[in-house]
Amino acid sequence: MADDGLSHRAVGRDAPRPDSRRKVRGTARYGTDLDREDALHAGVLRAEAPHAEVASVDTTAATAIEDVAAAVTRMDLPGGFDDRVRHYGDVVAAVAAESKEAVEAALDAIEYELDPLASVHDARESVREGAPVVQDDPEFGQPDRHPVGVDNPEYVQNVDDYHRLEVGDVEAGFAAADHVHEASYRTPRVTHCNLDRHCCIAEWDGDTLEVTATLGNRGSAERTLEKLFGDCEVTVAQPPDSGSSFGGRSLAKLTLEPVAATLARETGRPVRLAFDREAEFSAAESRHETYIDLKAGATDDGRLTTLTVDVVTDTGPYPNGVGHIVLKSCRDRPIDLYDLEHYRYEGVAAFTNNPPAGEYRGIGVTQIVWALESHLDELARKAGFDPVAFRAENWVAEGYERPHTGDPITSCGLAECFDRGRETFADLRSEDETDSVVHGVGVAAGGQITTPGSDKNTDYTEARLRIEPDGSLTVHTGAIDVGQGALTVLGQMAAEETGIPLDRITVSGYDPDDAVADKYGSIANRTTYLVGKAVAEAAADLAEQVRSRAADRLGAQSADLTVEDGQVVAPDGETVAVETLLDEAIEGTARTETNTAPIGYGVHFAEVAVDTDTGKVDVTAFVAAQDVGFAIHPTLVEGQLEGAVQHGIEFATLSELELDDGVPTNPTFADYPVSLATEMPDRLACEIVESNEASGPYGAKGVGTPSLPPVAPAITNAIRDAVGVRFTDAPVRDEDVFFVLQEAEP
């Protein structure tokens, strides 16, 4: 790969997105746009009780309706589906018919009876003796579950996952502390709110199941369905265009793909099933609600001595492996961010009768960073430290060995993010104050790993590139573009190495008929970092093949030739077009592996204006200073940062899927609050810091997830600065601020 950092031809600059025109013009075809002339429509009868035994289900009247092809009960579904529904929106029965109208009529005709069971909705109670048992099979539908041991005698049931870690001697750390702060925090259930709803088409060919759906982690979905259905082979095909994901499209949904596949097997025809908007809230997945207890100590000179973290997180009723990731993130991120000699962590993920939880941008990191940065901000204020300087004094730096792994931090832009962000923020600050409006400022840092790779988990991917005889280039990878711009940046890396113009390069997502090996797909900040590295290496292989073919014709050594704009150029200036060198297509392939996960860091600054009469909070200024390693496409990076700010505003001040004993009370866009353009800061700046991660292509590392965690705590720290009260539950809504201000009045 080109690595001089000065002569880049295609990376490090903006380029047109190949999917932009069809998306802007409305011609893009997403999952819900797909249909098949021979496909049956499907629908799901969903439970309105959070926990119940299915006493009876009678589908006789449903199947008697004209155009109804099949009706199945949950007991007909594969794997471990039993006669017990475990959350509001769980599947009771499902039908397939020739028309949507017949589907609705059939669902209405199904007669069923549910015998209510005691339910549990607080994750902290669920794992303790005496609570209702939610899940008897903690491996249900999981193809890759790791062994789980529980080292806490109080956690006796409903345990999805458990982690514990101790570094140093926390008691000695607290004994050395002059200031100790202890508090509890809660983070909310937040839903992705992707505009394109979940939809799939399932079809069987003998023992092979093909599912067409937008699934970022294709491999996991295939393995899950293969485990559920047993002796079969599963392939996932993608729609022509993928909508946004934010983690919501990473995994198969238990009341979607398995249901459609069961109906397809029953009828011998393709079956199309889509979630309606309420099902998106109740049967898809939301961010884990999480309870976090923190205790931190510091000396008079502002050094952190120790930190303890206790986490309980709500998985919902079915395992999907994400509880494990939440707990690992909550465990590792504090010691990836701060230099802590003494540290203790315990975390448990609990099954409950709440709607399912799953991947959401910043899995676990968003939760722990919000609590940690709130906590350390409050510790600093109570101890009389400057909250900004206190953090900077305790941050890690490049070369710091992470105490739980011994691995050094290979690139760290925290200090530069801080310096550049603070300088820019000073220029954006408000000058005006009124009698009824007070301003506050806040800062927060955060970090997240790039790829799921670690010392015990090797991530891998492949890329295959092909130059056609006409000089065009096609890139095949195992990842897809779920809105992050992967098609663009992967194309840029191919152009960088081959010298073929971007407008002659096509990047195709995963195709089951033209498969390349890939472990995780488009999740966990791995696309640019790992998939991009494979693309660049395969492209370099292709470029060498082209130069070798041109060497004799140009009378030069291949090492002395370059490829520019589709032309091979000799030192004397003579050129030959790439296509004239090819009688047939040539291919370049590469496989990249990693068991390292470099951290993308950010330091964000927020200003809020609080109306003391109404409690209304307005984020007036924001600076997102983010270490991205190297910006392959600066405008796409800026778009990721701006999107993170919008998501962080939702987390901090607006969004929560609210439940009443497990039943969603706001499962529509009419009731669920999402941030609009009007909630974005009046003055917003993005500072892109390039720390040059040696293991990444051209120095790049992840930006999508790492840019989110600092946003919300910067905002709520600014609220604390404005009103003098620390909120320990998110989101902090206007009415919460109003009542605090009312209580503070004499």
# chains A, B, ... in the order shown; residues from 1 in each chain; ligands from 1
$ residues_around --residues "stretch 456-466 of chain A" --least-positions-apart "6" --cutoff "7 Å" --atoms "only C-alpha atoms" --output "list in words"
Leu473, Thr474, Val475, His476, Thr477, Val516, Ala517, Asp518, Lys519, Val531, Ala534, Val535, Ala538, Ala539, Ala585, Ile586, Glu587, Gly588, Thr589, Ala590, Arg591, Thr592, Glu593, Thr594 and Asn595 of chain A
$ residues_around --residues "A:Asp231" --least-positions-apart "5" --cutoff "10 Å" --atoms "only C-alpha atoms" --output "mmCIF file with N, CA, C and O atoms, in the first residue's frame"
data_model
loop_
_atom_site.group_PDB
_atom_site.id
_atom_site.type_symbol
_atom_site.label_atom_id
_atom_site.label_comp_id
_atom_site.auth_asym_id
_atom_site.auth_seq_id
_atom_site.Cartn_x
_atom_site.Cartn_y
_atom_site.Cartn_z
ATOM 1 N N ASP A 207 -32.684 -28.445 0.766
ATOM 2 C CA ASP A 207 -32.234 -28.158 2.132
ATOM 3 C C ASP A 207 -31.481 -26.836 2.227
ATOM 4 O O ASP A 207 -30.803 -26.569 3.225
ATOM 5 N N THR A 208 -31.595 -26.027 1.191
ATOM 6 C CA THR A 208 -30.923 -24.727 1.197
ATOM 7 C C THR A 208 -31.952 -23.622 1.363
ATOM 8 O O THR A 208 -32.934 -23.549 0.623
ATOM 9 N N GLU A 226 -29.077 -21.575 10.641
ATOM 10 C CA GLU A 226 -28.668 -22.971 10.488
ATOM 11 C C GLU A 226 -28.814 -23.730 11.801
ATOM 12 O O GLU A 226 -29.215 -24.906 11.813
#
$ closest_residue --among "A:Leu195, A:Ala621, A:Ala71, A:Val610" --to "A:Asp721" --atoms "only C-alpha atoms"
A:Val610
$ atom_distance --atom1 "atom CA of A:Pro132" --atom2 "atom CA of A:Thr315"
15.3 Å
$ closest_residue --among "A:Asp67, A:Asp314, A:Glu431, A:Glu203" --to "A:Gly662" --atoms "only C-alpha atoms"
A:Asp314
$ select_by_dssp --residues "stretch 203-277 of chain A" --states "helix (DSSP H, G or I)" --output "ChimeraX atom specification"
/A:218-229,257-267,277
$ write_last_selection --atoms "N, CA and C atoms" --output "compact mmCIF listing (two decimals), in the first residue's frame"
# COMPACT_ATOMS: atom_id res chain seq x y z
N ARG A 218 -23.83 -10.81 8.15
CA ARG A 218 -24.40 -11.91 7.38
C ARG A 218 -24.01 -13.26 7.96
N GLY A 219 -22.74 -13.44 8.32
CA GLY A 219 -22.28 -14.72 8.82
C GLY A 219 -23.00 -15.15 10.08
N SER A 220 -23.21 -14.23 11.00
CA SER A 220 -23.91 -14.55 12.24
C SER A 220 -25.35 -14.95 11.94
N ALA A 221 -26.00 -14.22 11.03
CA ALA A 221 -27.39 -14.55 10.68
C ALA A 221 -27.48 -15.94 10.07
N GLU A 222 -26.55 -16.27 9.18
CA GLU A 222 -26.58 -17.59 8.56
C GLU A 222 -26.37 -18.69 9.59
N ARG A 223 -25.43 -18.48 10.50
CA ARG A 223 -25.17 -19.51 11.52
C ARG A 223 -26.35 -19.66 12.47
N THR A 224 -26.99 -18.53 12.82
CA THR A 224 -28.16 -18.59 13.71
C THR A 224 -29.28 -19.39 13.08
N LEU A 225 -29.59 -19.11 11.82
CA LEU A 225 -30.68 -19.81 11.14
C LEU A 225 -30.34 -21.28 10.93
N GLU A 226 -29.08 -21.57 10.64
CA GLU A 226 -28.67 -22.97 10.49
C GLU A 226 -28.81 -23.73 11.80
N LYS A 227 -28.52 -23.07 12.91
CA LYS A 227 -28.68 -23.74 14.20
C LYS A 227 -30.15 -23.97 14.51
N LEU A 228 -30.99 -22.98 14.22
CA LEU A 228 -32.41 -23.11 14.52
C LEU A 228 -33.06 -24.21 13.67
N PHE A 229 -32.74 -24.25 12.37
CA PHE A 229 -33.41 -25.19 11.48
C PHE A 229 -32.71 -26.54 11.40
N GLU A 257 -36.98 -13.53 10.29
CA GLU A 257 -36.44 -14.52 9.35
C GLU A 257 -36.87 -15.96 9.67
N PRO A 258 -36.83 -16.42 10.94
CA PRO A 258 -37.28 -17.79 11.19
C PRO A 258 -38.75 -18.01 10.88
N VAL A 259 -39.57 -16.98 11.08
CA VAL A 259 -41.00 -17.10 10.80
C VAL A 259 -41.23 -17.19 9.30
N ALA A 260 -40.61 -16.29 8.54
CA ALA A 260 -40.76 -16.32 7.09
C ALA A 260 -40.25 -17.63 6.52
N ALA A 261 -39.12 -18.12 7.04
CA ALA A 261 -38.55 -19.37 6.54
C ALA A 261 -39.45 -20.56 6.86
N THR A 262 -40.08 -20.57 8.02
CA THR A 262 -41.01 -21.65 8.38
C THR A 262 -42.21 -21.67 7.44
N LEU A 263 -42.76 -20.50 7.17
CA LEU A 263 -43.90 -20.42 6.26
C LEU A 263 -43.50 -20.80 4.84
N ALA A 264 -42.28 -20.42 4.44
CA ALA A 264 -41.82 -20.78 3.10
C ALA A 264 -41.65 -22.29 2.97
N ARG A 265 -41.15 -22.93 4.01
CA ARG A 265 -41.00 -24.38 3.97
C ARG A 265 -42.36 -25.07 3.98
N GLU A 266 -43.29 -24.50 4.71
CA GLU A 266 -44.64 -25.07 4.80
C GLU A 266 -45.37 -24.99 3.46
N THR A 267 -45.17 -23.90 2.73
CA THR A 267 -45.93 -23.68 1.50
C THR A 267 -45.18 -24.07 0.24
N ARG A 277 -44.40 -0.54 11.94
CA ARG A 277 -43.60 0.35 12.79
C ARG A 277 -43.68 -0.05 14.26
$ closest_residue --among "A:Tyr162, A:Phe351, A:Phe425, A:Phe385" --to "A:Leu327" --atoms "only C-alpha atoms"
A:Tyr162
$ residues_around --residues "A:Ala543" --least-positions-apart "6" --cutoff "12 Å" --atoms "only C-alpha atoms" --output "MDAnalysis selection string"
chainID A and resid 1:2 465:467 473 494:500 536:537 549:550 558:559 561:564 566:568 578 586:589
$ select_by_dssp --residues "stretch 592-677 of chain A" --states "strand (DSSP E)" --output "ChimeraX atom specification"
/A:592-594,599-611,617-627,659-660,663-664
$ write_last_selection --atoms "N, CA, C and O atoms" --output "compact mmCIF listing (two decimals), in the first residue's frame"
# COMPACT_ATOMS: atom_id res chain seq x y z
N THR A 592 -6.92 -10.60 5.04
CA THR A 592 -6.31 -9.92 6.18
C THR A 592 -6.92 -10.45 7.46
O THR A 592 -8.11 -10.76 7.52
N GLU A 593 -6.09 -10.57 8.46
CA GLU A 593 -6.52 -11.03 9.78
C GLU A 593 -5.97 -10.07 10.83
O GLU A 593 -4.94 -9.43 10.63
N THR A 594 -6.67 -10.00 11.95
CA THR A 594 -6.17 -9.19 13.06
C THR A 594 -6.67 -9.75 14.37
O THR A 594 -7.78 -10.27 14.46
N ILE A 599 -7.89 1.73 19.24
CA ILE A 599 -8.97 2.53 19.82
C ILE A 599 -9.05 3.88 19.13
O ILE A 599 -8.04 4.57 18.95
N GLY A 600 -10.27 4.24 18.73
CA GLY A 600 -10.52 5.59 18.23
C GLY A 600 -11.00 6.46 19.38
O GLY A 600 -11.97 6.13 20.06
N TYR A 601 -10.31 7.57 19.62
CA TYR A 601 -10.61 8.45 20.75
C TYR A 601 -11.27 9.75 20.29
O TYR A 601 -11.08 10.19 19.15
N GLY A 602 -12.02 10.34 21.20
CA GLY A 602 -12.59 11.65 20.93
C GLY A 602 -12.70 12.47 22.19
O GLY A 602 -12.86 11.92 23.29
N VAL A 603 -12.61 13.79 22.05
CA VAL A 603 -12.89 14.73 23.13
C VAL A 603 -13.88 15.74 22.58
O VAL A 603 -13.60 16.41 21.59
N HIS A 604 -15.05 15.80 23.21
CA HIS A 604 -16.13 16.65 22.70
C HIS A 604 -16.49 17.73 23.71
O HIS A 604 -16.42 17.51 24.93
N PHE A 605 -16.90 18.87 23.19
CA PHE A 605 -17.23 20.04 24.00
C PHE A 605 -18.65 20.49 23.66
O PHE A 605 -19.00 20.56 22.48
N ALA A 606 -19.43 20.81 24.68
CA ALA A 606 -20.82 21.23 24.46
C ALA A 606 -21.14 22.47 25.26
O ALA A 606 -20.64 22.67 26.38
N GLU A 607 -21.97 23.31 24.67
CA GLU A 607 -22.57 24.44 25.38
C GLU A 607 -24.09 24.28 25.29
O GLU A 607 -24.63 23.94 24.24
N VAL A 608 -24.77 24.49 26.41
CA VAL A 608 -26.23 24.47 26.42
C VAL A 608 -26.75 25.79 26.96
O VAL A 608 -26.08 26.47 27.75
N ALA A 609 -27.93 26.14 26.50
CA ALA A 609 -28.68 27.27 27.05
C ALA A 609 -29.93 26.69 27.70
O ALA A 609 -30.69 25.95 27.06
N VAL A 610 -30.14 27.00 28.97
CA VAL A 610 -31.28 26.48 29.71
C VAL A 610 -32.22 27.63 30.05
O VAL A 610 -31.80 28.61 30.67
N ASP A 611 -33.47 27.50 29.63
CA ASP A 611 -34.50 28.48 29.97
C ASP A 611 -34.97 28.18 31.39
O ASP A 611 -35.58 27.14 31.65
N VAL A 617 -33.88 22.83 27.35
CA VAL A 617 -32.45 22.76 27.11
C VAL A 617 -32.20 22.86 25.60
O VAL A 617 -32.79 22.12 24.81
N ASP A 618 -31.34 23.78 25.23
CA ASP A 618 -30.97 23.95 23.83
C ASP A 618 -29.45 23.78 23.73
O ASP A 618 -28.70 24.48 24.41
N VAL A 619 -29.02 22.81 22.91
CA VAL A 619 -27.59 22.65 22.67
C VAL A 619 -27.18 23.70 21.65
O VAL A 619 -27.49 23.59 20.46
N THR A 620 -26.50 24.73 22.11
CA THR A 620 -26.23 25.89 21.26
C THR A 620 -24.90 25.80 20.52
O THR A 620 -24.76 26.38 19.44
N ALA A 621 -23.94 25.11 21.08
CA ALA A 621 -22.63 24.98 20.43
C ALA A 621 -22.05 23.62 20.75
O ALA A 621 -22.23 23.10 21.86
N PHE A 622 -21.35 23.05 19.77
CA PHE A 622 -20.75 21.73 20.00
C PHE A 622 -19.52 21.59 19.11
O PHE A 622 -19.53 21.98 17.94
N VAL A 623 -18.47 21.01 19.70
CA VAL A 623 -17.27 20.67 18.94
C VAL A 623 -16.98 19.19 19.16
O VAL A 623 -16.83 18.74 20.30
N ALA A 624 -16.93 18.45 18.07
CA ALA A 624 -16.55 17.03 18.11
C ALA A 624 -15.14 16.91 17.56
O ALA A 624 -14.92 17.02 16.35
N ALA A 625 -14.18 16.73 18.45
CA ALA A 625 -12.79 16.53 18.04
C ALA A 625 -12.49 15.05 18.13
O ALA A 625 -12.52 14.46 19.22
N GLN A 626 -12.21 14.43 16.98
CA GLN A 626 -12.17 12.97 16.92
C GLN A 626 -10.90 12.48 16.25
O GLN A 626 -10.52 12.94 15.17
N ASP A 627 -10.26 11.51 16.91
CA ASP A 627 -9.07 10.85 16.37
C ASP A 627 -9.52 9.70 15.48
O ASP A 627 -10.07 8.70 15.97
N LEU A 659 -41.72 1.71 28.95
CA LEU A 659 -42.47 0.48 29.16
C LEU A 659 -43.35 0.59 30.39
O LEU A 659 -42.98 1.22 31.38
N ASP A 660 -44.50 -0.07 30.32
CA ASP A 660 -45.38 -0.25 31.47
C ASP A 660 -45.50 -1.74 31.69
O ASP A 660 -46.23 -2.43 30.98
N VAL A 663 -44.75 -3.48 28.50
CA VAL A 663 -45.55 -3.09 27.33
C VAL A 663 -45.12 -1.70 26.89
O VAL A 663 -45.21 -0.74 27.67
N PRO A 664 -44.64 -1.54 25.65
CA PRO A 664 -44.23 -0.21 25.18
C PRO A 664 -45.40 0.76 25.18
O PRO A 664 -46.50 0.43 24.71
$ closest_residue --among "A:Glu416, A:Glu289, A:Glu687, A:Asp511" --to "A:Ile363" --atoms "only C-alpha atoms"
A:Glu289
$ residues_around --residues "stretch 78-93 of chain A" --least-positions-apart "5" --cutoff "9 Å" --atoms "only C-alpha atoms" --output "ChimeraX atom specification"
/A:43-55,57,59,71-73,107,110,112,114,119,134-135,137,140-141,225,227-230,254-255,258-259,262,278-279,282-283,316-318,352-356,662-664
$ write_last_selection --atoms "C-alpha atoms" --output "PDB file, in the first residue's frame"
ATOM      1  CA  GLY A  43     -48.007 -11.599   8.960  1.00  0.00           C
ATOM      2  CA  VAL A  44     -47.445 -12.351  12.630  1.00  0.00           C
ATOM      3  CA  LEU A  45     -49.949 -12.592  15.447  1.00  0.00           C
ATOM      4  CA  ARG A  46     -48.086 -10.990  18.329  1.00  0.00           C
ATOM      5  CA  ALA A  47     -48.531 -11.463  22.063  1.00  0.00           C
ATOM      6  CA  GLU A  48     -50.036  -8.585  24.020  1.00  0.00           C
ATOM      7  CA  ALA A  49     -48.821 -10.059  27.314  1.00  0.00           C
ATOM      8  CA  PRO A  50     -45.183  -9.861  28.415  1.00  0.00           C
ATOM      9  CA  HIS A  51     -45.111 -13.423  29.770  1.00  0.00           C
ATOM     10  CA  ALA A  52     -47.677 -16.144  29.224  1.00  0.00           C
ATOM     11  CA  GLU A  53     -48.193 -19.789  28.413  1.00  0.00           C
ATOM     12  CA  VAL A  54     -49.873 -20.468  25.106  1.00  0.00           C
ATOM     13  CA  ALA A  55     -52.813 -22.543  26.322  1.00  0.00           C
ATOM     14  CA  VAL A  57     -54.039 -21.811  19.282  1.00  0.00           C
ATOM     15  CA  THR A  59     -55.808 -21.792  13.070  1.00  0.00           C
ATOM     16  CA  ALA A  71     -50.863 -20.825   9.222  1.00  0.00           C
ATOM     17  CA  VAL A  72     -48.336 -21.919  11.834  1.00  0.00           C
ATOM     18  CA  THR A  73     -48.087 -21.551  15.598  1.00  0.00           C
ATOM     19  CA  LEU A 107     -54.701 -13.154  11.697  1.00  0.00           C
ATOM     20  CA  ILE A 110     -56.978 -17.173  14.708  1.00  0.00           C
ATOM     21  CA  TYR A 112     -55.947 -18.422  20.890  1.00  0.00           C
ATOM     22  CA  LEU A 114     -52.777 -17.097  26.742  1.00  0.00           C
ATOM     23  CA  SER A 119     -43.121 -11.436  34.728  1.00  0.00           C
ATOM     24  CA  VAL A 134     -37.606 -15.992  31.977  1.00  0.00           C
ATOM     25  CA  GLN A 135     -35.210 -18.170  30.007  1.00  0.00           C
ATOM     26  CA  ASP A 137     -32.126 -22.073  27.602  1.00  0.00           C
ATOM     27  CA  PHE A 140     -31.309 -20.371  22.506  1.00  0.00           C
ATOM     28  CA  GLY A 141     -30.514 -19.713  18.847  1.00  0.00           C
ATOM     29  CA  LEU A 225     -30.683 -19.812  11.142  1.00  0.00           C
ATOM     30  CA  LYS A 227     -28.676 -23.742  14.195  1.00  0.00           C
ATOM     31  CA  LEU A 228     -32.415 -23.112  14.517  1.00  0.00           C
ATOM     32  CA  PHE A 229     -33.408 -25.186  11.479  1.00  0.00           C
ATOM     33  CA  GLY A 230     -30.854 -27.935  11.939  1.00  0.00           C
ATOM     34  CA  LEU A 254     -36.426 -14.159  15.971  1.00  0.00           C
ATOM     35  CA  THR A 255     -39.899 -13.080  14.849  1.00  0.00           C
ATOM     36  CA  PRO A 258     -37.277 -17.793  11.194  1.00  0.00           C
ATOM     37  CA  VAL A 259     -40.999 -17.095  10.798  1.00  0.00           C
ATOM     38  CA  THR A 262     -41.008 -21.655   8.380  1.00  0.00           C
ATOM     39  CA  GLU A 278     -44.908  -0.898  16.137  1.00  0.00           C
ATOM     40  CA  ALA A 279     -43.073  -4.185  15.642  1.00  0.00           C
ATOM     41  CA  SER A 282     -41.480  -4.088  20.310  1.00  0.00           C
ATOM     42  CA  ALA A 283     -39.988  -6.993  18.352  1.00  0.00           C
ATOM     43  CA  GLY A 316     -34.656  -8.938  27.235  1.00  0.00           C
ATOM     44  CA  PRO A 317     -35.969 -12.497  26.976  1.00  0.00           C
ATOM     45  CA  TYR A 318     -33.707 -14.089  24.359  1.00  0.00           C
ATOM     46  CA  THR A 352     -36.228 -10.063  31.537  1.00  0.00           C
ATOM     47  CA  ASN A 353     -39.725  -9.958  30.042  1.00  0.00           C
ATOM     48  CA  ASN A 354     -38.997  -6.668  28.333  1.00  0.00           C
ATOM     49  CA  PRO A 355     -38.655  -6.322  24.544  1.00  0.00           C
ATOM     50  CA  PRO A 356     -35.364  -7.647  23.162  1.00  0.00           C
ATOM     51  CA  GLY A 662     -42.956  -4.636  29.641  1.00  0.00           C
ATOM     52  CA  VAL A 663     -45.554  -3.090  27.333  1.00  0.00           C
ATOM     53  CA  PRO A 664     -44.232  -0.214  25.181  1.00  0.00           C
TER      54      PRO A 664
END
$ residues_around --residues "stretch 18-25 of chain A" --least-positions-apart "6" --cutoff "10 Å" --atoms "only C-alpha atoms" --output "MDAnalysis selection string"
chainID A and resid 241 243 481 483 485 487:488 491 502:503 505:507
$ write_last_selection --atoms "C-alpha atoms" --output "PDB file, in the first residue's frame"
ATOM      1  CA  ASP A 241     -29.462  -0.799  -1.536  1.00  0.00           C
ATOM      2  CA  GLY A 243     -30.689   1.677   4.477  1.00  0.00           C
ATOM      3  CA  ASP A 481     -22.760  -0.360   2.787  1.00  0.00           C
ATOM      4  CA  GLY A 483     -25.229   4.073   4.953  1.00  0.00           C
ATOM      5  CA  GLY A 485     -20.210   5.199   2.746  1.00  0.00           C
ATOM      6  CA  LEU A 487     -18.850   1.682  -1.255  1.00  0.00           C
ATOM      7  CA  THR A 488     -17.020   4.977  -1.604  1.00  0.00           C
ATOM      8  CA  GLY A 491     -13.402   2.217  -4.055  1.00  0.00           C
ATOM      9  CA  LEU A 502     -12.965   5.953  -9.441  1.00  0.00           C
ATOM     10  CA  ASP A 503     -15.625   6.281 -12.117  1.00  0.00           C
ATOM     11  CA  ILE A 505     -14.527   1.126 -10.275  1.00  0.00           C
ATOM     12  CA  THR A 506     -17.573  -0.771  -8.994  1.00  0.00           C
ATOM     13  CA  VAL A 507     -17.686  -1.989  -5.394  1.00  0.00           C
TER      14      VAL A 507
END
$ closest_residue --among "A:His163, A:His181, A:Arg344, A:Arg402" --to "A:Ser329" --atoms "only C-alpha atoms"
A:His163
